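Have a look at work-v6.txt; it's compact mmCIF, C-alpha atoms and all ligand atoms:
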# COMPACT_ATOMS: atom_id res chain seq x y z
CA MET A 161 132.69 381.40 -77.13
CA GLN A 162 134.34 384.73 -77.80
CA ARG A 163 137.53 385.92 -76.15
CA ARG A 164 135.58 388.73 -74.46
CA ASP A 165 133.48 386.02 -72.73
CA PHE A 166 136.66 384.40 -71.53
CA ILE A 167 137.94 387.64 -70.07
CA SER A 168 134.75 388.33 -68.14
CA GLY A 169 134.52 384.63 -67.16
CA SER A 170 138.04 384.55 -65.81
CA ILE A 171 137.59 387.72 -63.82
CA ALA A 172 134.49 386.26 -62.24
CA LEU A 173 136.35 383.03 -61.56
CA ALA A 174 139.34 384.73 -59.98
CA GLY A 175 136.94 386.30 -57.52
CA THR A 176 135.22 382.99 -56.73
CA THR A 177 134.78 382.37 -53.05
CA LEU A 178 134.01 378.84 -52.08
CA ILE A 179 132.28 379.08 -48.75
CA GLY A 180 134.73 378.80 -45.92
CA THR A 181 137.86 379.51 -47.89
CA GLN A 182 139.26 381.46 -50.80
CA LEU A 183 140.00 379.14 -53.70
CA MET A 184 141.64 381.23 -56.35
CA SER A 185 142.06 380.45 -60.00
CA HIS A 186 145.76 380.57 -60.80
CA SER A 187 148.39 379.90 -63.42
CA LEU A 188 146.03 380.22 -66.36
CA PRO A 189 147.98 380.83 -69.52
CA PRO A 190 148.23 384.40 -70.75
CA PRO A 191 145.88 385.19 -73.63
CA PRO A 192 147.51 385.10 -77.04
CA VAL A 193 148.98 388.50 -77.88
CA LYS A 194 147.73 388.31 -81.44
CA ALA A 195 145.10 386.41 -83.34
CA VAL A 196 146.47 382.91 -83.81
CA GLY A 197 145.60 380.15 -86.22
CA GLU A 198 145.63 376.39 -86.01
CA THR A 199 149.14 376.21 -87.52
CA ASP A 200 150.86 378.83 -85.37
CA GLU A 201 153.33 376.45 -83.70
CA ASP A 202 154.86 379.07 -81.40
CA TYR A 203 151.48 379.59 -79.81
CA TRP A 204 150.64 375.88 -79.66
CA ASN A 205 154.01 375.07 -78.12
CA SER A 206 153.23 377.59 -75.39
CA VAL A 207 149.87 375.88 -74.80
CA ARG A 208 151.53 372.47 -74.81
CA ALA A 209 154.01 373.64 -72.19
CA LEU A 210 151.09 374.11 -69.77
CA TYR A 211 150.68 370.31 -69.60
CA ALA A 212 153.08 367.93 -67.90
CA ARG A 213 154.56 365.66 -70.54
CA PRO A 214 154.56 361.90 -70.02
CA GLU A 215 158.08 360.65 -69.60
CA GLY A 216 159.49 357.99 -71.90
CA PHE A 217 156.63 357.79 -74.40
CA ILE A 218 154.41 359.85 -76.67
CA ASN A 219 150.76 359.74 -75.67
CA LEU A 220 148.46 359.56 -78.69
CA GLU A 221 145.62 357.97 -76.70
CA ASN A 222 143.96 361.08 -75.31
CA GLY A 223 140.57 359.56 -76.09
CA TYR A 224 140.30 357.51 -72.90
CA PHE A 225 140.81 360.59 -70.82
CA SER A 226 142.78 363.77 -71.39
CA HIS A 227 145.15 364.76 -68.66
CA GLN A 228 144.76 368.13 -67.02
CA PRO A 229 146.93 371.17 -67.59
CA ALA A 230 149.21 371.75 -64.59
CA SER A 231 147.07 374.70 -63.43
CA THR A 232 143.90 372.56 -63.23
CA LEU A 233 145.78 369.77 -61.49
CA GLU A 234 147.02 372.26 -58.90
CA PHE A 235 143.54 373.70 -58.48
CA HIS A 236 142.15 370.19 -58.00
CA GLN A 237 144.72 369.33 -55.37
CA GLN A 238 144.06 372.61 -53.60
CA SER A 239 140.30 371.90 -53.62
CA GLU A 240 140.82 368.43 -52.20
CA LYS A 241 143.04 369.83 -49.44
CA ASP A 242 140.47 372.49 -48.71
CA ILE A 243 137.62 369.96 -48.36
CA ASN A 244 139.78 367.78 -46.18
CA THR A 245 140.43 370.75 -43.91
CA ARG A 246 136.80 371.79 -43.82
CA THR A 247 135.86 368.19 -42.90
CA SER A 248 132.18 367.19 -42.85
CA VAL A 249 131.24 370.81 -42.35
CA PHE A 250 131.96 371.20 -46.05
CA MET A 251 129.97 368.10 -47.01
CA ARG A 252 126.98 368.89 -44.81
CA LYS A 253 126.76 372.63 -45.22
CA GLU A 254 128.72 373.77 -48.25
CA GLN A 255 128.87 371.09 -50.92
CA GLN A 256 125.52 371.98 -52.49
CA ALA A 257 126.66 375.57 -53.05
CA ALA A 258 129.81 374.22 -54.75
CA ILE A 259 127.67 371.94 -56.96
CA GLU A 260 125.44 374.88 -57.92
CA THR A 261 128.47 377.01 -58.86
CA ALA A 262 129.70 374.21 -61.11
CA ARG A 263 126.21 373.73 -62.60
CA SER A 264 125.80 377.35 -63.58
CA SER A 265 129.31 377.52 -65.06
CA LEU A 266 128.70 374.38 -67.14
CA ALA A 267 125.25 375.58 -68.23
CA GLY A 268 126.86 378.79 -69.52
CA PHE A 269 129.46 376.78 -71.42
CA LEU A 270 126.91 374.41 -72.96
CA LYS A 271 124.45 377.27 -73.61
CA CYS A 272 121.62 375.51 -71.80
CA ASP A 273 119.38 375.96 -68.77
CA GLY A 274 121.06 374.74 -65.56
CA GLU A 275 117.68 373.40 -64.40
CA GLU A 276 117.98 370.81 -67.19
CA LEU A 277 121.53 369.81 -66.28
CA ALA A 278 122.48 366.99 -63.88
CA LEU A 279 126.13 366.82 -62.79
CA LEU A 280 127.25 363.21 -62.86
CA ARG A 281 130.41 361.13 -62.91
CA ASN A 282 130.64 360.22 -66.58
CA THR A 283 128.78 359.51 -69.83
CA THR A 284 128.13 355.88 -68.91
CA GLU A 285 126.18 356.97 -65.86
CA ALA A 286 124.37 359.70 -67.81
CA MET A 287 123.23 357.44 -70.63
CA ASN A 288 122.28 354.61 -68.25
CA ILE A 289 119.90 357.01 -66.52
CA VAL A 290 118.21 357.51 -69.88
CA ILE A 291 118.32 353.89 -71.03
CA MET A 292 117.25 352.31 -67.72
CA GLY A 293 114.93 355.10 -66.63
CA PHE A 294 112.92 355.79 -69.79
CA PRO A 295 109.25 354.83 -69.34
CA TRP A 296 109.41 351.92 -71.81
CA LYS A 297 106.47 349.79 -72.84
CA LYS A 298 106.91 346.22 -74.08
CA GLY A 299 107.41 346.22 -77.84
CA ASP A 300 108.83 349.77 -78.02
CA GLU A 301 111.57 350.02 -80.64
CA VAL A 302 114.94 351.74 -80.33
CA VAL A 303 117.23 352.60 -83.21
CA LEU A 304 120.89 352.69 -82.26
CA GLY A 305 124.16 352.72 -84.19
CA ASN A 306 126.30 349.68 -84.98
CA GLN A 307 129.34 351.67 -83.77
CA ASP A 308 127.84 353.02 -80.54
CA TYR A 309 129.98 352.79 -77.42
CA GLY A 310 129.95 349.30 -75.88
CA SER A 311 128.51 350.33 -72.51
CA MET A 312 125.49 351.97 -74.15
CA THR A 313 124.90 348.98 -76.43
CA GLU A 314 125.11 346.67 -73.42
CA ALA A 315 122.73 348.87 -71.43
CA PHE A 316 120.20 348.74 -74.27
CA GLN A 317 120.62 344.95 -74.51
CA GLN A 318 119.92 344.66 -70.79
CA ALA A 319 116.91 346.97 -71.14
CA ALA A 320 115.67 344.79 -74.01
CA LYS A 321 115.68 341.74 -71.70
CA ARG A 322 114.21 343.62 -68.78
CA PHE A 323 111.53 345.76 -70.46
CA GLY A 324 110.87 343.86 -73.69
CA ILE A 325 112.05 346.67 -75.99
CA VAL A 326 113.25 345.83 -79.50
CA LEU A 327 116.67 347.01 -80.76
CA LYS A 328 117.42 347.89 -84.37
CA TYR A 329 120.99 348.71 -85.42
CA ALA A 330 121.82 351.31 -88.06
CA ASN A 331 124.86 350.41 -90.18
CA VAL A 332 126.77 353.67 -90.22
CA PRO A 333 129.05 353.86 -93.29
CA LEU A 334 132.75 354.27 -92.47
CA ARG A 335 133.43 356.81 -95.19
CA PRO A 336 130.07 358.36 -96.11
CA GLY A 337 129.81 360.39 -99.30
CA SER A 338 127.05 362.60 -97.90
CA ASP A 339 125.04 363.34 -94.77
CA GLU A 340 122.09 361.70 -96.48
CA GLU A 341 123.83 358.30 -96.42
CA VAL A 342 124.25 358.50 -92.64
CA ILE A 343 120.78 359.93 -92.02
CA GLN A 344 119.18 357.15 -94.02
CA ALA A 345 121.08 354.46 -92.15
CA TYR A 346 119.00 355.54 -89.13
CA THR A 347 115.75 356.81 -90.58
CA ARG A 348 115.12 353.76 -92.74
CA LEU A 349 114.67 351.84 -89.46
CA PHE A 350 112.05 354.22 -88.02
CA THR A 351 108.57 352.72 -87.64
CA ARG A 352 105.39 353.65 -85.80
CA LYS A 353 106.76 351.74 -82.80
CA THR A 354 110.10 353.61 -82.57
CA ARG A 355 110.30 355.46 -79.24
CA MET A 356 113.96 356.47 -79.21
CA VAL A 357 116.97 356.93 -81.47
CA HIS A 358 120.41 356.78 -79.84
CA LEU A 359 123.19 358.68 -81.60
CA THR A 360 126.92 358.77 -80.92
CA HIS A 361 127.85 362.34 -81.75
CA LEU A 362 131.53 361.62 -82.46
CA ILE A 363 132.19 357.91 -82.85
CA ASN A 364 135.06 356.87 -80.60
CA LEU A 365 136.14 353.96 -82.84
CA SER A 366 136.78 355.96 -85.98
CA GLY A 367 136.46 359.65 -85.10
CA GLN A 368 133.51 360.14 -87.45
CA VAL A 369 131.06 362.95 -86.59
CA ILE A 370 127.38 362.10 -87.11
CA PRO A 371 124.91 364.72 -88.44
CA VAL A 372 122.98 364.61 -85.17
CA ALA A 373 120.64 367.58 -85.70
CA LYS A 374 119.54 366.39 -89.14
CA ILE A 375 118.65 362.92 -87.83
CA ALA A 376 116.97 364.48 -84.79
CA ASP A 377 114.81 366.69 -87.05
CA GLN A 378 113.42 363.61 -88.77
CA ALA A 379 112.94 361.78 -85.48
CA LYS A 380 110.97 364.71 -84.09
CA GLU A 381 108.45 364.46 -86.91
CA LEU A 382 107.63 360.94 -85.70
CA ASN A 383 107.68 361.86 -82.01
CA ILE A 384 110.80 359.77 -81.43
CA ALA A 385 112.95 360.77 -78.44
CA VAL A 386 116.56 361.60 -79.35
CA ALA A 387 119.36 360.55 -76.97
CA VAL A 388 122.88 361.70 -77.82
CA ASP A 389 126.14 360.31 -76.46
CA SER A 390 128.37 363.36 -76.77
CA ALA A 391 131.28 361.91 -74.78
CA HIS A 392 133.81 362.82 -77.46
CA ALA A 393 132.18 365.95 -78.82
CA VAL A 394 131.95 368.27 -75.80
CA ALA A 395 134.88 370.73 -75.70
CA HIS A 396 136.14 369.15 -78.93
CA LEU A 397 133.61 370.44 -81.45
CA GLU A 398 132.07 373.88 -81.14
CA PHE A 399 128.34 373.60 -80.40
CA GLY A 400 125.66 374.43 -77.86
CA ILE A 401 123.13 371.89 -76.56
CA GLY A 402 120.32 373.57 -78.52
CA ASP A 403 122.15 372.97 -81.81
CA LEU A 404 121.65 369.21 -81.47
CA GLN A 405 117.82 369.25 -81.38
CA ALA A 406 118.05 366.41 -78.86
CA ASP A 407 116.01 365.40 -75.80
CA PHE A 408 118.93 363.90 -73.85
CA VAL A 409 122.65 364.64 -74.08
CA GLY A 410 125.28 362.89 -71.96
CA ALA A 411 129.03 363.54 -71.87
CA SER A 412 132.19 363.20 -69.81
CA LEU A 413 134.24 366.24 -68.82
CA HIS A 414 137.46 364.28 -68.22
CA LYS A 415 137.86 363.80 -71.95
CA TRP A 416 138.17 366.92 -74.15
CA LEU A 417 137.56 369.51 -71.42
CA CYS A 418 140.57 368.11 -69.47
CA ASN A 419 138.69 368.22 -66.17
CA PRO A 420 139.79 365.73 -63.49
CA LEU A 421 138.60 362.12 -63.78
CA GLY A 422 135.06 361.30 -62.76
CA SER A 423 133.06 364.23 -64.10
CA GLY A 424 130.23 364.28 -66.57
CA PHE A 425 126.70 365.47 -67.11
CA LEU A 426 123.27 364.61 -68.40
CA TRP A 427 121.20 367.33 -70.02
CA MET A 428 117.53 366.50 -70.39
CA ARG A 429 114.69 368.48 -71.94
CA LYS A 430 112.51 369.75 -69.08
CA GLU A 431 109.37 367.85 -70.01
CA PHE A 432 111.17 364.50 -69.58
CA ILE A 433 112.35 365.17 -66.02
CA PRO A 434 109.19 363.92 -64.23
CA SER A 435 108.73 360.82 -66.39
CA LEU A 436 112.24 359.29 -66.17
CA TRP A 437 113.16 356.95 -63.30
CA PRO A 438 116.40 357.99 -61.57
CA LEU A 439 119.00 355.21 -61.61
CA MET A 440 119.24 355.44 -57.81
CA GLY A 441 116.02 355.89 -55.91
CA ASP A 442 115.24 359.44 -54.86
CA THR A 443 112.29 360.82 -52.96
CA SER A 444 114.01 363.90 -51.59
CA GLN A 445 113.48 366.10 -54.65
CA PRO A 446 110.25 367.09 -56.40
CA VAL A 447 109.75 364.96 -59.53
CA ASN A 448 110.27 367.94 -61.79
CA ASN A 449 113.70 368.76 -60.31
CA ILE A 450 116.78 367.69 -62.31
CA ARG A 451 118.70 367.16 -59.05
CA ARG A 452 116.84 363.90 -58.45
CA PHE A 453 119.21 362.32 -60.98
CA GLU A 454 122.23 363.38 -58.91
CA HIS A 455 121.44 361.01 -56.03
CA VAL A 456 124.69 359.08 -56.41
CA GLY A 457 125.94 358.97 -52.82
CA THR A 458 129.09 360.56 -51.46
CA ARG A 459 131.26 361.81 -54.28
CA PRO A 460 134.45 363.81 -54.85
CA ILE A 461 133.14 367.38 -54.97
CA GLN A 462 136.61 368.69 -55.84
CA THR A 463 136.22 367.34 -59.39
CA LEU A 464 133.07 369.45 -59.73
CA GLN A 465 134.80 372.49 -58.23
CA CYS A 466 137.31 372.27 -61.06
CA ILE A 467 134.68 372.61 -63.80
CA PRO A 468 134.76 376.45 -63.89
CA GLU A 469 138.57 376.29 -63.92
CA SER A 470 138.61 373.81 -66.81
CA ILE A 471 136.10 375.90 -68.75
CA ALA A 472 138.17 379.04 -68.19
CA PHE A 473 141.25 377.24 -69.55
CA HIS A 474 139.29 376.02 -72.58
CA ASN A 475 137.83 379.47 -73.22
CA LYS A 476 141.24 381.05 -73.09
CA ILE A 477 141.90 379.22 -76.36
CA GLY A 478 138.31 379.36 -77.55
CA SER A 479 136.08 376.57 -78.87
CA SER A 480 136.46 377.54 -82.50
CA LEU A 481 140.27 377.74 -82.50
CA LYS A 482 140.56 374.53 -80.44
CA GLU A 483 138.28 372.67 -82.86
CA ARG A 484 140.35 373.88 -85.82
CA ARG A 485 143.62 372.92 -84.12
CA LEU A 486 142.37 369.43 -83.28
CA ARG A 487 141.23 368.83 -86.85
CA TYR A 488 144.52 370.18 -88.14
CA LEU A 489 146.46 367.72 -85.97
CA MET A 490 144.40 364.82 -87.35
CA GLN A 491 144.86 365.94 -90.97
CA TYR A 492 148.56 366.68 -90.44
CA TRP A 493 149.43 363.01 -90.02
CA THR A 494 146.63 361.34 -92.01
CA SER A 495 147.50 363.35 -95.14
CA LYS A 496 151.12 362.18 -94.88
CA VAL A 497 150.30 358.44 -94.69
CA ALA A 498 147.11 358.22 -96.76
CA ASN A 499 148.95 357.18 -99.93
CA VAL A 500 151.54 354.94 -98.31
CA PRO A 501 151.16 351.36 -99.66
CA LYS A 502 149.36 348.92 -97.27
CA ILE A 503 147.94 351.74 -95.13
CA LYS A 504 144.19 352.18 -94.88
CA LEU A 505 142.46 355.00 -93.02
CA ASN A 506 139.11 354.05 -91.46
CA THR A 507 138.08 357.67 -90.98
CA PRO A 508 136.59 360.14 -93.49
CA TRP A 509 139.70 362.26 -92.79
CA LYS A 510 139.53 364.46 -95.88
CA ASP A 511 136.05 365.74 -95.05
CA ILE A 512 136.72 368.10 -92.22
CA THR A 513 133.04 368.45 -91.32
CA ARG A 514 132.91 364.73 -90.45
CA CYS A 515 135.95 364.61 -88.16
CA GLY A 516 137.73 365.99 -85.15
CA ALA A 517 141.08 364.94 -83.71
CA ILE A 518 140.52 361.18 -83.80
CA ALA A 519 141.42 358.91 -86.72
CA ASN A 520 141.76 355.17 -87.14
CA ILE A 521 144.42 353.43 -89.22
CA ALA A 522 145.05 349.86 -90.35
CA ILE A 523 148.18 348.39 -91.93
CA GLU A 524 147.82 345.32 -94.14
CA GLY A 525 149.37 342.27 -92.48
CA TYR A 526 149.00 343.57 -88.91
CA THR A 527 146.17 343.04 -86.49
CA PRO A 528 145.24 346.22 -84.57
CA GLY A 529 146.63 344.64 -81.39
CA LYS A 530 149.97 343.83 -83.04
CA LEU A 531 150.27 347.29 -84.60
CA ALA A 532 149.52 349.07 -81.30
CA GLU A 533 151.99 346.80 -79.54
CA ILE A 534 154.79 347.56 -82.04
CA LEU A 535 154.07 351.29 -81.88
CA PHE A 536 154.50 351.21 -78.14
CA SER A 537 157.31 348.71 -77.67
CA LYS A 538 159.52 349.81 -80.57
CA TYR A 539 158.59 353.47 -81.09
CA ARG A 540 157.30 354.43 -77.62
CA ILE A 541 154.05 355.75 -79.08
CA PHE A 542 150.95 354.88 -77.06
CA THR A 543 147.72 354.29 -78.99
CA VAL A 544 144.79 351.88 -78.67
CA ALA A 545 143.82 348.88 -80.77
CA ILE A 546 140.19 348.81 -81.93
CA GLU A 547 138.87 345.36 -82.77
CA HIS A 548 135.20 345.67 -83.54
CA PRO A 549 132.82 344.00 -86.02
CA ALA A 550 132.48 347.29 -87.92
CA ILE A 551 136.03 348.58 -87.74
CA ASN A 552 139.53 347.23 -87.19
CA GLY A 553 142.51 349.48 -86.73
CA VAL A 554 144.51 351.55 -84.29
CA ARG A 555 142.95 354.72 -82.93
CA ILE A 556 145.19 357.77 -82.88
CA THR A 557 144.06 360.63 -80.64
CA PRO A 558 146.24 363.71 -80.31
CA HIS A 559 145.24 366.63 -78.09
CA LEU A 560 146.60 370.09 -77.28
CA SER A 561 149.29 368.44 -75.15
CA ASN A 562 150.87 366.97 -78.30
CA THR A 563 153.38 368.61 -80.63
CA ILE A 564 153.88 368.42 -84.36
CA GLU A 565 157.09 366.48 -83.59
CA ASP A 566 154.96 363.79 -81.90
CA LEU A 567 153.00 363.41 -85.12
CA ASP A 568 156.16 363.38 -87.24
CA ALA A 569 157.38 360.49 -85.06
CA LEU A 570 154.08 358.69 -85.69
CA VAL A 571 154.28 359.21 -89.45
CA SER A 572 157.80 357.88 -89.62
CA ALA A 573 156.92 354.85 -87.46
CA LEU A 574 153.86 354.00 -89.58
CA THR A 575 155.82 354.40 -92.81
CA GLU A 576 158.60 352.15 -91.54
CA ILE A 577 156.17 349.48 -90.27
CA SER A 578 154.20 349.43 -93.51
CA SER A 579 157.36 348.92 -95.56
CA GLY A 580 158.65 346.12 -93.33
C1 LIG B 1 131.45 357.41 -77.44
C2 LIG B 1 131.71 357.16 -75.98
N1 LIG B 1 130.68 357.17 -75.14
C3 LIG B 1 130.83 356.94 -73.82
C4 LIG B 1 132.06 356.69 -73.29
C5 LIG B 1 132.18 356.40 -71.83
O1 LIG B 1 132.79 357.43 -71.17
P1 LIG B 1 132.97 357.27 -69.59
O2 LIG B 1 133.84 356.09 -69.38
O3 LIG B 1 133.61 358.55 -69.19
O4 LIG B 1 131.62 357.07 -69.03
C6 LIG B 1 133.18 356.66 -74.11
C7 LIG B 1 134.51 356.40 -73.56
O5 LIG B 1 135.51 356.39 -74.20
C8 LIG B 1 132.99 356.89 -75.50
O6 LIG B 1 134.02 356.85 -76.34
Spit out the file's structure as structure tokens when you get a sec.
Amino acid sequence: MQRRDFISGSIALAGTTLIGTQLMSHSLPPPPVKAVGETDEDYWNSVRALYARPEGFINLENGYFSHQPASTLEFHQQSEKDINTRTSVFMRKEQQAAIETARSSLAGFLKCDGEELALLRNTTEAMNIVIMGFPWKKGDEVVLGNQDYGSMTEAFQQAAKRFGIVLKYANVPLRPGSDEEVIQAYTRLFTRKTRMVHLTHLINLSGQVIPVAKIADQAKELNIAVAVDSAHAVAHLEFGIGDLQADFVGASLHKWLCNPLGSGFLWMRKEFIPSLWPLMGDTSQPVNNIRRFEHVGTRPIQTLQCIPESIAFHNKIGSSLKERRLRYLMQYWTSKVANVPKIKLNTPWKDITRCGAIANIAIEGYTPGKLAEILFSKYRIFTVAIEHPAINGVRITPHLSNTIEDLDALVSALTEISSG
């Protein structure tokens, strides 16, 4: 999104009236005074200062969730207070208007039709709607990745038992030499019986980005539905929903968008809306209305009210610049340790088109659990151990709330551990 879009978006947001009270956007950072690049540390330090810093440790595990800038946190607290003051009047009379405001803001951000967008609590919920609600027939085949997120793999395994579908796993190479290698890992498993391919847009284990649109193009030729888990790609990589050529896209907004916990979405191509079963029974909406997938019971509306605020914060930086900064952070530290003896990177870190901020590292002689434990106990650097049949290492996930000094501390810790 362009800066001009941000300016008009923020003006609209500042004027937002949530029925019953004025909830104003506040404390957004000033726009950069000059064009900045991914290495302009003065600018990035001023962005970093908008986040509260964890005390006593360096957080390089922003992949689980990414904490909010102070302005979003304040907005969230204000929204919660406001709902609490409005009582059930808000829930009975005003919450739907708040949901619709959030929907249209998110649809603008994702460049999609809001009538194809269900606001949900997270990616797990979004993808379970697809996996459990798809009109399967016994014997239908699904192609999924060997490094897909555990909850999706488990959901497919449950669906296999329940509906008699057959699962085929694509072995995604860890350091592919070309898109073709990744595409073929999936397409070689397509048969006349394949009904769906499930793709993880940015693999959480390694940080690898999958060529989603190219695989989707081939799936389309065989009438195979394309479901994309974009949990780690939204607000991390610059793209619009249409770029993916998918039929279903699910993501969480508490990851790279830095929205409060418990916010996500499912986008679904219009023609699928009537044929999918909602996860929770709904007869209140017409079958062609996307809102029938939002029947999740009483939920914290304040997290949804924050979506326009979080998008405005993101747009202040801009998707393109943020993507470049995140990749720069990843390459900053990987390039410094890549040639250190005993260190192995499990991410195609040199190929910038296949990565974002996440990378995975192993050190000979250390299990991932041991390495993560030493990083935290001795160096006060928090990461996460990944122990998986396809990949073993420690995942390192910086975000805009990190500084170059954080990464220098990581590099020196890894170098010291590997020489010990
Ligand atoms: C690739 C991927 N998909 C889905 C999820 C689940 O996200 P959530 O817990 O927000 O549903 C994660 C969480 O880390 C993930 O990495």
Between stretch 362-441 of chain A and stretch 334-338 of chain A, at 10 Å or less, what are the per-residue closest atom pairs and their distances in Å? Count only C-alpha atoms, order by chain and rising residue number, and return it as JSON lines.
{"residue": "A:Ser366", "atom": "CA", "partner": "A:Leu334", "partner_atom": "CA", "distance": 7.8}
{"residue": "A:Gly367", "atom": "CA", "partner": "A:Leu334", "partner_atom": "CA", "distance": 9.9}
{"residue": "A:Gln368", "atom": "CA", "partner": "A:Leu334", "partner_atom": "CA", "distance": 7.8}
{"residue": "A:Pro371", "atom": "CA", "partner": "A:Ser338", "partner_atom": "CA", "distance": 9.9}
field: Nearby residues, ligand LIG 1 (chain B), 9 Å, only C-alpha atoms and all ligand atoms, as a PyMOL selection string
entry: chain A and resi 223-225+281-287+307-312+360-365+389-393+410-415+421-424
- request: Could you pull out every residue with an atom within 10 Å of (132.3, 371.4, -48.3), file coordinates, counting all atoms listed in the file, and send them as a ChimeraX atom specification?
  value: /A:178-181,239-240,242-259,461-462
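Reported to one decimal place, the separation of atom CA of A:Gly529 from atom CA of A:Leu574 is 14.4 Å.
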Distance table requested - stretch 470-527 of chain A against stretch 202-211 of chain A, cut-off 12 Å, only C-alpha atoms: one row per qualifying residue with the closest atom pair and its distance in Å to one decimal, ordered by chain and rising residue number, as a Markdown table.
| residue | atom | partner | partner_atom | distance |
| --- | --- | --- | --- | --- |
| A:Phe473 | CA | A:Val207 | CA | 10.2 |
| A:His474 | CA | A:Val207 | CA | 10.8 |
| A:Lys476 | CA | A:Val207 | CA | 10.2 |
| A:Ile477 | CA | A:Val207 | CA | 8.8 |
| A:Leu481 | CA | A:Trp204 | CA | 10.9 |
| A:Lys482 | CA | A:Trp204 | CA | 10.2 |
| A:Arg485 | CA | A:Trp204 | CA | 8.8 |
| A:Leu486 | CA | A:Trp204 | CA | 11.1 |
| A:Tyr488 | CA | A:Trp204 | CA | 11.9 |
| A:Leu489 | CA | A:Trp204 | CA | 11.1 |
Contacts of A:Met356 within 10 Å, all atoms listed in the file, excl. fewer than 4 positions in-chain, as an mmCIF file with C-alpha atoms, in the coordinates of the input:
data_model
loop_
_atom_site.group_PDB
_atom_site.id
_atom_site.type_symbol
_atom_site.label_atom_id
_atom_site.label_comp_id
_atom_site.auth_asym_id
_atom_site.auth_seq_id
_atom_site.Cartn_x
_atom_site.Cartn_y
_atom_site.Cartn_z
ATOM 1 C CA ILE A 291 118.320 353.890 -71.030
ATOM 2 C CA PHE A 294 112.920 355.790 -69.790
ATOM 3 C CA TRP A 296 109.410 351.920 -71.810
ATOM 4 C CA ASP A 300 108.830 349.770 -78.020
ATOM 5 C CA GLU A 301 111.570 350.020 -80.640
ATOM 6 C CA VAL A 302 114.940 351.740 -80.330
ATOM 7 C CA VAL A 303 117.230 352.600 -83.210
ATOM 8 C CA LEU A 304 120.890 352.690 -82.260
ATOM 9 C CA LEU A 327 116.670 347.010 -80.760
ATOM 10 C CA PHE A 350 112.050 354.220 -88.020
ATOM 11 C CA ALA A 379 112.940 361.780 -85.480
ATOM 12 C CA ASN A 383 107.680 361.860 -82.010
ATOM 13 C CA ILE A 384 110.800 359.770 -81.430
ATOM 14 C CA ALA A 385 112.950 360.770 -78.440
ATOM 15 C CA VAL A 386 116.560 361.600 -79.350
ATOM 16 C CA ALA A 387 119.360 360.550 -76.970
ATOM 17 C CA ASP A 407 116.010 365.400 -75.800
#
message: Need the shell around A:Met490: protein/DNA/RNA residues with any atom at most 7 Å away, counting all atoms listed in the file. Skip same-chain ones fewer than 5 positions apart. Format as a PyMOL selection string?
response: chain A and resi 517-519
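Between atom CA of A:Thr458 and atom CA of A:Gly441 there is a distance of 14.6 Å.
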- prompt: Can you tell me, as a list of chain:residue names, what residues are no more than 8 Å from A:Leu397 when counting only C-alpha atoms, ignoring any on the same chain fewer than 2 positions away?
  reply: A:Ala393, A:Val394, A:Ala395, A:Phe399, A:Ser479, A:Ser480, A:Glu483, A:Gly516
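The two atoms in question, atom CA of A:Thr563 and atom CA of A:Cys418, are spaced 17.0 Å apart.
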- prompt: Which is closest to A:Lys374 among A:Leu464, A:Met440, A:Ala545, A:Ala406, if we use all atoms listed in the file?
  reply: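 Of A:Leu464, A:Met440, A:Ala545, A:Ala406, the one nearest A:Lys374, counting all atoms listed in the file, is A:Ala406.
Considering the residues A:Leu417, A:Leu439, A:Ile467, A:Leu233 and counting all atoms listed in the file, A:Glu260 has its shortest atom-to-atom contact with A:Ile467.
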